[in-house]
file start05.cif (mmCIF, C-alpha atoms)
data_input
#
loop_
_atom_site.label_atom_id
_atom_site.label_comp_id
_atom_site.auth_asym_id
_atom_site.auth_seq_id
_atom_site.Cartn_x
_atom_site.Cartn_y
_atom_site.Cartn_z
CA MET U 28 215.12 96.39 76.44
CA PHE U 29 212.82 99.38 76.34
CA ASN U 30 209.12 98.72 76.62
CA PHE U 31 207.52 100.85 73.94
CA PHE U 32 204.11 99.39 74.68
CA LYS U 33 203.51 100.40 78.28
CA LYS U 34 200.03 99.44 79.37
CA LYS U 35 197.65 102.35 79.69
CA ILE U 36 195.10 102.26 82.50
CA TYR U 37 191.62 103.61 82.00
CA LEU U 38 190.42 106.04 84.65
CA LYS U 39 186.99 104.38 84.64
CA ASP U 40 188.57 101.14 85.87
CA LEU U 41 189.56 102.95 89.07
CA LEU U 42 186.11 104.39 89.80
CA GLU U 43 184.23 101.32 91.02
CA ASP U 44 182.11 102.35 94.04
CA PHE U 45 183.63 105.82 93.99
CA VAL U 46 182.09 108.75 95.88
CA ASP U 47 181.82 111.80 93.62
CA ILE U 48 182.16 114.74 96.01
CA HIS U 49 181.89 117.43 93.32
CA CYS U 50 179.20 117.29 90.65
CA HIS U 51 176.47 119.53 89.29
CA ILE U 52 173.62 117.04 88.93
CA LEU U 53 170.81 118.91 90.67
CA PRO U 54 168.30 120.11 88.06
CA SER U 55 167.63 123.71 87.04
CA ILE U 56 169.79 125.33 89.69
CA ASP U 57 173.14 126.36 88.16
CA ASP U 58 175.25 125.70 85.05
CA GLY U 59 174.93 121.93 85.47
CA ALA U 60 171.83 119.87 84.66
CA ALA U 61 169.41 122.24 82.92
CA ASN U 62 166.33 120.14 83.69
CA MET U 63 165.23 116.91 85.36
CA GLN U 64 165.91 114.70 82.35
CA GLU U 65 169.47 115.97 82.07
CA SER U 66 169.93 115.35 85.78
CA LEU U 67 168.75 111.75 85.46
CA ASP U 68 170.95 111.23 82.38
CA LEU U 69 174.03 112.52 84.22
CA ILE U 70 173.41 110.18 87.14
CA LYS U 71 172.94 107.26 84.76
CA GLY U 72 176.15 108.12 82.93
CA LEU U 73 178.17 108.45 86.13
CA ARG U 74 176.80 105.16 87.41
CA LYS U 75 178.11 103.47 84.26
CA LEU U 76 181.57 104.71 85.25
CA GLY U 77 181.17 102.84 88.55
CA ILE U 78 180.21 105.75 90.80
CA LYS U 79 177.57 104.86 93.36
CA GLU U 80 177.54 107.82 95.76
CA PHE U 81 177.07 111.46 94.88
CA ILE U 82 177.45 114.69 96.79
CA ALA U 83 175.68 117.25 94.62
CA THR U 84 177.45 120.61 94.82
CA PRO U 85 175.56 123.43 93.07
CA HIS U 86 177.32 126.76 92.88
CA ILE U 87 176.63 129.45 95.44
CA MET U 88 177.92 132.54 93.71
CA GLN U 89 175.95 135.63 94.62
CA ASP U 90 176.23 137.47 91.32
CA PHE U 91 175.40 134.47 89.13
CA TYR U 92 173.93 131.60 91.20
CA PRO U 93 172.41 133.02 94.40
CA ASN U 94 171.41 129.61 95.73
CA ASN U 95 170.45 129.06 99.34
CA ALA U 96 168.96 126.41 101.62
CA GLU U 97 165.55 126.75 100.01
CA THR U 98 166.62 126.49 96.36
CA ILE U 99 169.05 123.64 96.95
CA SER U 100 166.63 121.64 99.11
CA LYS U 101 163.81 122.05 96.61
CA SER U 102 165.93 120.91 93.66
CA TYR U 103 167.28 117.98 95.69
CA GLU U 104 163.83 116.85 96.80
CA ASN U 105 162.49 117.11 93.23
CA LEU U 106 165.36 114.95 92.03
CA LEU U 107 164.75 112.26 94.65
CA GLU U 108 161.07 112.14 93.72
CA SER U 109 161.99 111.59 90.07
CA ILE U 110 164.44 108.73 90.67
CA SER U 111 163.00 105.25 90.49
CA SER U 112 162.85 103.23 93.69
CA GLN U 113 165.21 100.67 92.14
CA THR U 114 167.82 103.33 91.39
CA ARG U 115 167.47 104.89 94.82
CA ARG U 116 168.34 101.55 96.40
CA ALA U 117 171.50 101.30 94.27
CA ILE U 118 172.93 104.77 94.87
CA ASP U 119 173.16 107.49 97.47
CA ILE U 120 172.79 111.22 96.80
CA ASN U 121 173.27 114.03 99.28
CA PRO U 122 173.20 117.82 98.82
CA ALA U 123 176.02 120.25 99.54
CA ALA U 124 177.37 123.31 97.73
CA GLU U 125 180.42 124.76 96.02
CA TYR U 126 181.05 128.24 97.41
CA MET U 127 182.74 131.05 95.57
CA LEU U 128 185.02 132.84 98.03
CA ASP U 129 183.36 136.24 97.73
CA THR U 130 181.87 138.76 100.14
CA HIS U 131 178.59 136.84 100.23
CA PHE U 132 180.47 133.76 101.42
CA GLU U 133 182.01 135.77 104.24
CA THR U 134 178.51 136.68 105.42
CA LEU U 135 177.35 133.04 105.27
CA LEU U 136 180.47 131.95 107.12
CA LYS U 137 179.81 134.34 109.98
CA GLU U 138 176.25 133.01 110.21
CA LYS U 139 177.49 129.38 109.88
CA HIS U 140 174.91 128.74 107.18
CA LEU U 141 177.00 126.40 105.04
CA PHE U 142 176.07 123.24 103.12
CA THR U 143 179.04 121.00 103.85
CA LEU U 144 180.26 117.97 101.94
CA LYS U 145 180.19 115.95 105.15
CA LYS U 146 180.55 117.01 108.75
CA ASN U 147 182.70 120.16 108.62
CA TYR U 148 184.27 119.81 105.15
CA VAL U 149 183.25 122.78 102.97
CA LEU U 150 183.93 122.94 99.23
CA VAL U 151 185.16 126.34 98.03
CA GLU U 152 186.37 127.77 94.74
CA LEU U 153 188.23 130.84 93.50
CA SER U 154 187.67 133.10 90.53
CA TYR U 155 189.52 131.91 87.43
CA PHE U 156 190.72 135.47 86.83
CA GLN U 157 192.39 136.26 90.15
CA PRO U 158 192.29 135.05 93.76
CA PRO U 159 190.69 137.16 96.48
CA ILE U 160 193.23 139.54 97.96
CA ASN U 161 192.36 138.24 101.43
CA LEU U 162 192.55 134.54 100.52
CA GLU U 163 194.82 133.55 103.39
CA GLU U 164 192.64 135.45 105.85
CA LEU U 165 189.55 133.67 104.47
CA ILE U 166 191.16 130.26 104.93
CA PHE U 167 192.06 131.22 108.48
CA ASN U 168 188.50 132.39 109.20
CA ILE U 169 186.99 129.21 107.73
CA LYS U 170 189.10 127.14 110.08
CA MET U 171 188.34 129.42 113.04
CA GLN U 172 184.63 128.79 112.46
CA GLY U 173 185.27 125.06 112.78
CA TYR U 174 185.22 124.14 109.08
CA ILE U 175 187.83 122.43 106.92
CA PRO U 176 188.25 124.21 103.56
CA VAL U 177 188.45 121.94 100.52
CA LEU U 178 189.62 123.92 97.50
CA ALA U 179 187.94 122.73 94.31
CA HIS U 180 190.17 122.08 91.28
CA PRO U 181 193.31 123.95 92.42
CA GLU U 182 195.00 122.91 89.18
CA ARG U 183 192.63 125.14 87.18
CA TYR U 184 193.80 128.44 88.68
CA VAL U 185 196.32 129.26 86.00
CA TYR U 186 197.62 132.33 87.82
CA TYR U 187 199.43 129.90 90.12
CA SER U 188 201.05 127.97 87.25
CA ASP U 189 204.14 130.19 87.41
CA ASN U 190 204.25 130.02 91.19
CA LEU U 191 203.68 126.35 91.98
CA GLY U 192 205.28 126.74 95.37
CA TYR U 193 202.26 128.71 96.55
CA TYR U 194 200.21 125.52 96.59
CA LYS U 195 202.39 124.32 99.45
CA ARG U 196 201.68 127.59 101.25
CA LEU U 197 197.92 126.99 100.96
CA LYS U 198 198.34 123.44 102.26
CA ASP U 199 200.36 124.70 105.20
CA LEU U 200 197.48 127.06 106.02
CA GLY U 201 195.19 124.04 106.34
CA CYS U 202 193.48 124.08 102.94
CA LEU U 203 192.79 120.66 101.41
CA PHE U 204 192.78 120.11 97.64
CA GLN U 205 190.20 118.40 95.41
CA LEU U 206 191.38 117.39 91.94
CA ASN U 207 189.04 117.46 88.95
CA LEU U 208 189.44 114.11 87.21
CA LEU U 209 188.99 115.78 83.81
CA SER U 210 192.24 117.62 84.54
CA LEU U 211 194.03 114.33 83.84
CA SER U 212 193.32 115.06 80.17
CA ASP U 213 193.71 118.19 78.04
CA HIS U 214 190.05 119.11 78.61
CA TYR U 215 190.94 122.35 80.42
CA GLY U 216 194.19 122.87 78.50
CA SER U 217 197.77 121.68 78.74
CA THR U 218 198.71 124.07 81.57
CA THR U 219 195.99 122.66 83.81
CA GLU U 220 196.97 119.09 82.92
CA LYS U 221 200.62 119.74 83.79
CA THR U 222 199.67 121.42 87.07
CA ALA U 223 197.45 118.46 87.98
CA GLN U 224 200.38 116.12 87.37
CA TYR U 225 202.62 118.33 89.51
CA LEU U 226 200.15 118.34 92.40
CA ILE U 227 199.74 114.56 92.25
CA ALA U 228 203.49 113.95 92.02
CA ASN U 229 204.10 116.16 95.05
CA ASN U 230 201.39 114.50 97.16
CA LEU U 231 199.37 117.71 97.44
CA ILE U 232 195.99 116.32 96.35
CA ASP U 233 193.66 115.05 99.09
CA PHE U 234 190.44 114.22 97.23
CA ALA U 235 189.05 113.88 93.72
CA GLY U 236 185.74 114.60 92.01
CA THR U 237 184.32 114.70 88.50
CA ASP U 238 182.90 118.25 88.51
CA THR U 239 180.43 116.90 85.97
CA HIS U 240 178.15 119.50 84.41
CA ARG U 241 177.05 117.77 81.20
CA MET U 242 177.18 114.49 79.30
CA GLU U 243 180.22 115.67 77.34
CA HIS U 244 182.21 115.50 80.57
CA ILE U 245 181.18 111.90 81.26
CA LYS U 246 182.10 110.81 77.74
CA LYS U 247 185.55 112.36 78.16
CA LEU U 248 186.03 110.79 81.58
CA ALA U 249 185.34 107.36 80.06
CA LYS U 250 188.19 107.83 77.57
CA ILE U 251 190.92 109.07 79.93
CA THR U 252 193.94 106.79 80.19
CA MET U 253 197.15 107.10 82.17
CA ASP U 254 200.29 105.20 83.04
CA SER U 255 201.22 103.82 86.45
CA LYS U 256 203.11 107.00 87.35
CA ILE U 257 199.72 108.70 87.67
CA SER U 258 197.37 105.77 88.29
CA GLU U 259 199.15 104.52 91.43
CA PRO U 260 198.99 107.77 93.44
CA LEU U 261 195.54 108.51 91.97
CA SER U 262 194.23 105.18 93.26
CA LYS U 263 195.23 106.23 96.76
CA ILE U 264 193.51 109.60 96.33
CA LEU U 265 190.32 107.92 95.14
CA GLU U 266 190.39 105.48 98.04
CA HIS U 267 190.94 108.29 100.54
CA THR U 268 187.99 110.17 99.06
CA LYS U 269 185.80 107.12 99.55
CA CYS U 270 187.03 106.54 103.09
CA VAL U 271 186.26 110.11 104.15
CA PHE U 272 182.96 110.71 102.36
CA SER U 273 181.20 107.39 101.84
CA VAL U 274 178.01 106.92 103.84
CA SER U 275 178.15 103.14 103.56
#
call {"tool": "encode", "arguments": {"input": "start05.cif", "output": "structure tokens"}}
result
Amino acid sequence: MFNFFKKKIYLKDLLEDFVDIHCHILPSIDDGAANMQESLDLIKGLRKLGIKEFIATPHIMQDFYPNNAETISKSYENLLESISSQTRRAIDINPAAEYMLDTHFETLLKEKHLFTLKKNYVLVELSYFQPPINLEELIFNIKMQGYIPVLAHPERYVYYSDNLGYYKRLKDLGCLFQLNLLSLSDHYGSTTEKTAQYLIANNLIDFAGTDTHRMEHIKKLAKITMDSKISEPLSKILEHTKCVFSVS
């Protein structure tokens, strides 16, 4: 007999003690939290989902968000000073960055001035319009400098949707993949959702993150449901993310 009432699993039920390795919670520094109150609200909202550790990853994108060690450190220190002592005992927040693979990044890479997620893991992103023509060379250079590239939200680069096999090529080059959890819904569109499902089904995703910018994202994360076909491999991805990046 067919089971027309398959149990749906809420994403939030899988996030207990999760480490969010991609979020824009630092105040007044990029397109994430616009001010300190929004930053505190985002942290509170993510905590309600079960997340207890955060790696804040503001954009470093020379033309739009020319952040550096000084701007990131200042925003991070201001945030810590604004968090209550009780909250600080319950969570852990560390700064890193999300790097656009542009010419400015190539300069920073040569100088080895990178804010990593942890140890030598560096979070990078591509333009949504087209990849850099020297992408494979960049990945090679990142690895040659002793870093491990973690590509943020690979499922969102729609120019690969008609060439899904290229994801395997990037993996073979040594690039790890970080899934945006919102991609498990139609938040970014059906093409992105289907690509996310493909990457999960083919065991190409290494880590996950929320990529939270605003409260709207947290509200949508709380409503995401899935069946066991997605929840079972996703649970392993979430656990691997915790194992690699948790400080506890």
call {"tool": "closest_residue", "arguments": {"input": "start05.cif", "among": "U:Arg196, U:Lys247, U:His51, U:His214", "to": "Leu231 in chain U", "atoms": "all atoms listed in the file"}}
result
U:Arg196
call {"tool": "atom_distance", "arguments": {"input": "start05.cif", "atom1": "CA of Gly201 in chain U", "atom2": "CA of Phe167 in chain U"}}
result
8.1 Å
call {"tool": "atom_distance", "arguments": {"input": "start05.cif", "atom1": "CA of Val177 in chain U", "atom2": "CA of Leu248 in chain U"}}
result
22.1 Å
call {"tool": "axis_aligned_box", "arguments": {"input": "start05.cif", "around": "range 258-274 of chain U", "padding_each_side": "6 Å", "output": "AutoDock Vina command-line options"}}
result
--center_x 188.6 --center_y 107.6 --center_z 96.2 --size_x 33.1 --size_y 18.2 --size_z 27.9
call {"tool": "closest_residue", "arguments": {"input": "start05.cif", "among": "U:Asn190, U:Pro93, U:Leu203, U:Lys246", "to": "Thr222 in chain U", "atoms": "all atoms listed in the file"}}
result
U:Asn190
call {"tool": "closest_residue", "arguments": {"input": "start05.cif", "among": "U:Ile166, U:Leu261, U:Ala61, U:Ile245", "to": "Leu197 in chain U", "atoms": "all atoms listed in the file"}}
result
U:Ile166
call {"tool": "resolve_selection", "arguments": {"input": "start05.cif", "expression": "the PyMOL selection byres ((chain U and resi 208) around 12)", "output": "PyMOL selection string"}}
result
chain U and resi 37-39+41-42+47-50+179-183+205-207+209-215+219-220+223-224+227+232+234-239+244-245+247-253+257-258+261-262+264-265
call {"tool": "resolve_selection", "arguments": {"input": "start05.cif", "expression": "the PyMOL selection byres ((chain U and resi 79-89) around 7)", "output": "PyMOL selection string"}}
result
chain U and resi 44-53+56-57+74+77-78+90-94+118-127+131+144
call {"tool": "closest_residue", "arguments": {"input": "start05.cif", "among": "U:Gln113, U:Asn168, U:Asn230, U:Leu191", "to": "Thr218 in chain U", "atoms": "only C-alpha atoms"}}
result
U:Leu191
call {"tool": "resolve_selection", "arguments": {"input": "start05.cif", "expression": "the PyMOL selection byres ((chain U and resi 67) around 12)", "output": "PyMOL selection string"}}
result
chain U and resi 51-54+59-66+68-74+105-111+114-115+241-242
call {"tool": "atom_distance", "arguments": {"input": "start05.cif", "atom1": "CA of Gly173 in chain U", "atom2": "CA of Tyr193 in chain U"}}
result
23.8 Å
call {"tool": "residues_around", "arguments": {"input": "start05.cif", "residues": "Tyr186 in chain U", "least_positions_apart": "6", "cutoff": "10 Å", "atoms": "only C-alpha atoms", "output": "ChimeraX atom specification"}}
result
/U:155-158
call {"tool": "closest_residue", "arguments": {"input": "start05.cif", "among": "U:Ile36, U:Val185, U:Ile169, U:Cys270", "to": "Ser217 in chain U", "atoms": "all atoms listed in the file"}}
result
U:Val185
call {"tool": "closest_residue", "arguments": {"input": "start05.cif", "among": "U:Ser55, U:Tyr225, U:Phe204, U:Leu178", "to": "Lys256 in chain U", "atoms": "all atoms listed in the file"}}
result
U:Tyr225
call {"tool": "build_atoms", "arguments": {"input": "start05.cif", "residues": "range 219-250 of chain U", "atoms": "N, CA and C atoms", "output": "PDB file, in the frame of the given file"}}
result
ATOM      1  N   THR U 219     196.728 123.295  82.713  1.00  0.00           N
ATOM      2  CA  THR U 219     195.990 122.660  83.810  1.00  0.00           C
ATOM      3  C   THR U 219     196.403 121.204  83.970  1.00  0.00           C
ATOM      4  N   GLU U 220     196.566 120.499  82.863  1.00  0.00           N
ATOM      5  CA  GLU U 220     196.970 119.090  82.920  1.00  0.00           C
ATOM      6  C   GLU U 220     198.344 118.942  83.581  1.00  0.00           C
ATOM      7  N   LYS U 221     199.273 119.803  83.214  1.00  0.00           N
ATOM      8  CA  LYS U 221     200.620 119.740  83.790  1.00  0.00           C
ATOM      9  C   LYS U 221     200.592 120.080  85.285  1.00  0.00           C
ATOM     10  N   THR U 222     199.765 121.059  85.660  1.00  0.00           N
ATOM     11  CA  THR U 222     199.670 121.420  87.070  1.00  0.00           C
ATOM     12  C   THR U 222     199.055 120.282  87.874  1.00  0.00           C
ATOM     13  N   ALA U 223     198.063 119.609  87.309  1.00  0.00           N
ATOM     14  CA  ALA U 223     197.450 118.460  87.980  1.00  0.00           C
ATOM     15  C   ALA U 223     198.501 117.374  88.222  1.00  0.00           C
ATOM     16  N   GLN U 224     199.325 117.127  87.230  1.00  0.00           N
ATOM     17  CA  GLN U 224     200.380 116.120  87.370  1.00  0.00           C
ATOM     18  C   GLN U 224     201.385 116.532  88.437  1.00  0.00           C
ATOM     19  N   TYR U 225     201.704 117.820  88.491  1.00  0.00           N
ATOM     20  CA  TYR U 225     202.620 118.330  89.510  1.00  0.00           C
ATOM     21  C   TYR U 225     202.041 118.119  90.910  1.00  0.00           C
ATOM     22  N   LEU U 226     200.784 118.465  91.093  1.00  0.00           N
ATOM     23  CA  LEU U 226     200.150 118.340  92.400  1.00  0.00           C
ATOM     24  C   LEU U 226     200.075 116.884  92.853  1.00  0.00           C
ATOM     25  N   ILE U 227     199.791 115.994  91.918  1.00  0.00           N
ATOM     26  CA  ILE U 227     199.740 114.560  92.250  1.00  0.00           C
ATOM     27  C   ILE U 227     201.141 114.066  92.610  1.00  0.00           C
ATOM     28  N   ALA U 228     202.123 114.422  91.791  1.00  0.00           N
ATOM     29  CA  ALA U 228     203.490 113.950  92.020  1.00  0.00           C
ATOM     30  C   ALA U 228     204.060 114.443  93.343  1.00  0.00           C
ATOM     31  N   ASN U 229     203.588 115.591  93.811  1.00  0.00           N
ATOM     32  CA  ASN U 229     204.100 116.160  95.050  1.00  0.00           C
ATOM     33  C   ASN U 229     203.180 115.897  96.242  1.00  0.00           C
ATOM     34  N   ASN U 230     202.275 114.951  96.073  1.00  0.00           N
ATOM     35  CA  ASN U 230     201.390 114.500  97.160  1.00  0.00           C
ATOM     36  C   ASN U 230     200.585 115.650  97.783  1.00  0.00           C
ATOM     37  N   LEU U 231     200.114 116.564  96.939  1.00  0.00           N
ATOM     38  CA  LEU U 231     199.370 117.710  97.440  1.00  0.00           C
ATOM     39  C   LEU U 231     197.848 117.555  97.289  1.00  0.00           C
ATOM     40  N   ILE U 232     197.421 116.542  96.558  1.00  0.00           N
ATOM     41  CA  ILE U 232     195.990 116.320  96.350  1.00  0.00           C
ATOM     42  C   ILE U 232     195.432 115.422  97.448  1.00  0.00           C
ATOM     43  N   ASP U 233     194.306 115.832  98.030  1.00  0.00           N
ATOM     44  CA  ASP U 233     193.660 115.050  99.090  1.00  0.00           C
ATOM     45  C   ASP U 233     192.477 114.228  98.569  1.00  0.00           C
ATOM     46  N   PHE U 234     191.666 114.854  97.707  1.00  0.00           N
ATOM     47  CA  PHE U 234     190.440 114.220  97.230  1.00  0.00           C
ATOM     48  C   PHE U 234     190.298 114.430  95.724  1.00  0.00           C
ATOM     49  N   ALA U 235     189.332 113.720  95.148  1.00  0.00           N
ATOM     50  CA  ALA U 235     189.050 113.880  93.720  1.00  0.00           C
ATOM     51  C   ALA U 235     187.540 113.936  93.508  1.00  0.00           C
ATOM     52  N   GLY U 236     187.146 114.524  92.394  1.00  0.00           N
ATOM     53  CA  GLY U 236     185.740 114.600  92.010  1.00  0.00           C
ATOM     54  C   GLY U 236     185.649 114.772  90.513  1.00  0.00           C
ATOM     55  N   THR U 237     184.458 114.578  89.953  1.00  0.00           N
ATOM     56  CA  THR U 237     184.320 114.700  88.500  1.00  0.00           C
ATOM     57  C   THR U 237     184.023 116.119  88.048  1.00  0.00           C
ATOM     58  N   ASP U 238     183.365 116.910  88.888  1.00  0.00           N
ATOM     59  CA  ASP U 238     182.900 118.250  88.510  1.00  0.00           C
ATOM     60  C   ASP U 238     182.046 118.176  87.251  1.00  0.00           C
ATOM     61  N   THR U 239     181.277 117.113  87.147  1.00  0.00           N
ATOM     62  CA  THR U 239     180.430 116.900  85.970  1.00  0.00           C
ATOM     63  C   THR U 239     179.334 117.957  85.890  1.00  0.00           C
ATOM     64  N   HIS U 240     179.224 118.557  84.702  1.00  0.00           N
ATOM     65  CA  HIS U 240     178.150 119.500  84.410  1.00  0.00           C
ATOM     66  C   HIS U 240     177.239 118.988  83.293  1.00  0.00           C
ATOM     67  N   ARG U 241     177.818 118.215  82.371  1.00  0.00           N
ATOM     68  CA  ARG U 241     177.050 117.770  81.200  1.00  0.00           C
ATOM     69  C   ARG U 241     177.585 116.443  80.700  1.00  0.00           C
ATOM     70  N   MET U 242     176.828 115.813  79.793  1.00  0.00           N
ATOM     71  CA  MET U 242     177.180 114.490  79.300  1.00  0.00           C
ATOM     72  C   MET U 242     178.536 114.475  78.600  1.00  0.00           C
ATOM     73  N   GLU U 243     178.904 115.577  77.981  1.00  0.00           N
ATOM     74  CA  GLU U 243     180.220 115.670  77.340  1.00  0.00           C
ATOM     75  C   GLU U 243     181.328 115.332  78.320  1.00  0.00           C
ATOM     76  N   HIS U 244     181.193 115.770  79.563  1.00  0.00           N
ATOM     77  CA  HIS U 244     182.210 115.500  80.570  1.00  0.00           C
ATOM     78  C   HIS U 244     182.313 114.009  80.862  1.00  0.00           C
ATOM     79  N   ILE U 245     181.182 113.330  80.960  1.00  0.00           N
ATOM     80  CA  ILE U 245     181.180 111.900  81.260  1.00  0.00           C
ATOM     81  C   ILE U 245     181.814 111.114  80.116  1.00  0.00           C
ATOM     82  N   LYS U 246     181.511 111.496  78.893  1.00  0.00           N
ATOM     83  CA  LYS U 246     182.100 110.810  77.740  1.00  0.00           C
ATOM     84  C   LYS U 246     183.615 110.958  77.732  1.00  0.00           C
ATOM     85  N   LYS U 247     184.105 112.147  78.109  1.00  0.00           N
ATOM     86  CA  LYS U 247     185.550 112.360  78.160  1.00  0.00           C
ATOM     87  C   LYS U 247     186.195 111.601  79.310  1.00  0.00           C
ATOM     88  N   LEU U 248     185.513 111.549  80.447  1.00  0.00           N
ATOM     89  CA  LEU U 248     186.030 110.790  81.580  1.00  0.00           C
ATOM     90  C   LEU U 248     186.216 109.316  81.213  1.00  0.00           C
ATOM     91  N   ALA U 249     185.288 108.776  80.437  1.00  0.00           N
ATOM     92  CA  ALA U 249     185.340 107.360  80.060  1.00  0.00           C
ATOM     93  C   ALA U 249     186.530 107.050  79.163  1.00  0.00           C
ATOM     94  N   LYS U 250     187.086 108.056  78.516  1.00  0.00           N
ATOM     95  CA  LYS U 250     188.190 107.830  77.570  1.00  0.00           C
ATOM     96  C   LYS U 250     189.566 108.118  78.163  1.00  0.00           C
TER      97      LYS U 250
END
